[in-house]
Amino acid sequence: MVDCPCGTSRSFTDCCEPYLKGKRHAETAATLMRTRYTAYTRHHIDYLLSTYDPDQQYLFDRETTLDWARRSKWLSLEIRDCRGGTLHDDEGTVEFVAWYVRGERTHRHHEVSSFRKVDERWYYVDGRYPSASALLGAESRRTTAS
């Protein structure tokens with residue numbers, strides 16, 4: 001059994017593969033985030049495009065995306081926070097950190113991704129990178145609240 005790259009304890013066959021093959025659609029924004037990460041690890045660029053916001057697909061740079069996916073050795077995905085994005089929502093955000101190696105260096109891609117549901121399907125809209133001050137503020141709030 002090969003573990004799924006998205007970080008669940010399930011096999012790839014039972015986890016993300018049915019989504020990448022178009023046999024299932026993500027039920028939540030977090031599921032879509034996990035499947036999109038797996039698509040990067042498997043260089044499944046068609047899936048990335050098909051799950052990108054239909055109104056913005058013209059912005060998708062296939063060659064740059066494929067190059068980034070191929071030149072990176074994907075290590076792990078950590079989902080840090082989800083807001084909305086459930087079966088009953090039309091929008092949601094997922095904060096995540098993806099670790100990868102390029103060349104001799106390990107990199108961290110930290111993003112808060114926005115998702116929206118269109119005709120009962122979830123799509124990636126865009127991502128923003130949390131600022132250091134916002135992260136430090138959130139950490140100090142957690143420490144104070146403890």
# chains A, B, ... in the order shown; residues from 1 in each chain; ligands from 1
$ residues_around --residues "region 85-88 of chain A" --least-positions-apart "2" --cutoff "12 Å" --atoms "only C-alpha atoms" --output "PyMOL selection string"
chain A and resi 25-33+81-83+90-95+113-117+120-124
$ select_by_dssp --residues "chain A" --states "alpha helix (DSSP H)" --output "VMD selection string"
chain A and resid 17 to 20 29 to 42 45 to 50 62 to 71 132 to 145
$ closest_atom_pairs --of "region 66-90 of chain A" --to "region 6-14 of chain A" --cutoff "12 Å" --atoms "only C-alpha atoms" --output "tab-separated table"
residue	atom	partner	partner_atom	distance
A:Trp74	CA	A:Cys6	CA	10.1
A:Leu75	CA	A:Cys6	CA	9.7
A:Ser76	CA	A:Gly7	CA	6.7
A:Leu77	CA	A:Cys6	CA	6.0
A:Glu78	CA	A:Gly7	CA	7.5
A:Ile79	CA	A:Gly7	CA	9.2
$ write_last_selection --atoms "N, CA and C atoms" --output "PDB file, in the first residue's frame"
ATOM      1  N   TRP A  74       8.206  16.778  -3.414  1.00  0.00           N
ATOM      2  CA  TRP A  74       7.198  17.126  -2.423  1.00  0.00           C
ATOM      3  C   TRP A  74       7.346  16.243  -1.195  1.00  0.00           C
ATOM      4  N   LEU A  75       7.415  16.873  -0.022  1.00  0.00           N
ATOM      5  CA  LEU A  75       7.681  16.160   1.219  1.00  0.00           C
ATOM      6  C   LEU A  75       6.434  15.931   2.071  1.00  0.00           C
ATOM      7  N   SER A  76       5.657  16.996   2.286  1.00  0.00           N
ATOM      8  CA  SER A  76       4.492  16.837   3.163  1.00  0.00           C
ATOM      9  C   SER A  76       3.549  18.021   3.048  1.00  0.00           C
ATOM     10  N   LEU A  77       2.333  17.785   3.517  1.00  0.00           N
ATOM     11  CA  LEU A  77       1.289  18.806   3.564  1.00  0.00           C
ATOM     12  C   LEU A  77       0.754  18.862   4.987  1.00  0.00           C
ATOM     13  N   GLU A  78       0.630  20.072   5.498  1.00  0.00           N
ATOM     14  CA  GLU A  78       0.049  20.288   6.818  1.00  0.00           C
ATOM     15  C   GLU A  78      -1.111  21.265   6.667  1.00  0.00           C
ATOM     16  N   ILE A  79      -2.312  20.806   6.985  1.00  0.00           N
ATOM     17  CA  ILE A  79      -3.477  21.688   6.995  1.00  0.00           C
ATOM     18  C   ILE A  79      -3.513  22.349   8.371  1.00  0.00           C
TER      19      ILE A  79
END
$ residues_around --residues "Ser72 (chain A)" --least-positions-apart "5" --cutoff "12 Å" --atoms "only C-alpha atoms" --output "PyMOL selection string"
chain A and resi 40-43+65-67+98-109
$ atom_distance --atom1 "CA of His44 (chain A)" --atom2 "CA of Lys23 (chain A)"
14.7 Å
$ select_by_dssp --residues "chain A" --states "strand (DSSP E)" --output "PyMOL selection string"
chain A and resi 73-84+91-102+105-118+121-128
$ closest_residue --among "A:Phe60, A:Phe96, A:Trp68, A:Tyr47" --to "Leu20 (chain A)" --atoms "only C-alpha atoms"
A:Tyr47
$ atom_distance --atom1 "CA of Asp3 (chain A)" --atom2 "CA of Ala39 (chain A)"
14.3 Å
$ closest_residue --among "A:Glu17, A:Thr64, A:Asp55, A:Arg80" --to "Val118 (chain A)" --atoms "only C-alpha atoms"
A:Asp55
$ atom_distance --atom1 "CA of Asp61 (chain A)" --atom2 "CA of Asp46 (chain A)"
11.4 Å
$ closest_residue --among "A:Asp89, A:Glu63, A:Asp53, A:Asp126" --to "Val112 (chain A)" --atoms "only C-alpha atoms"
A:Asp126
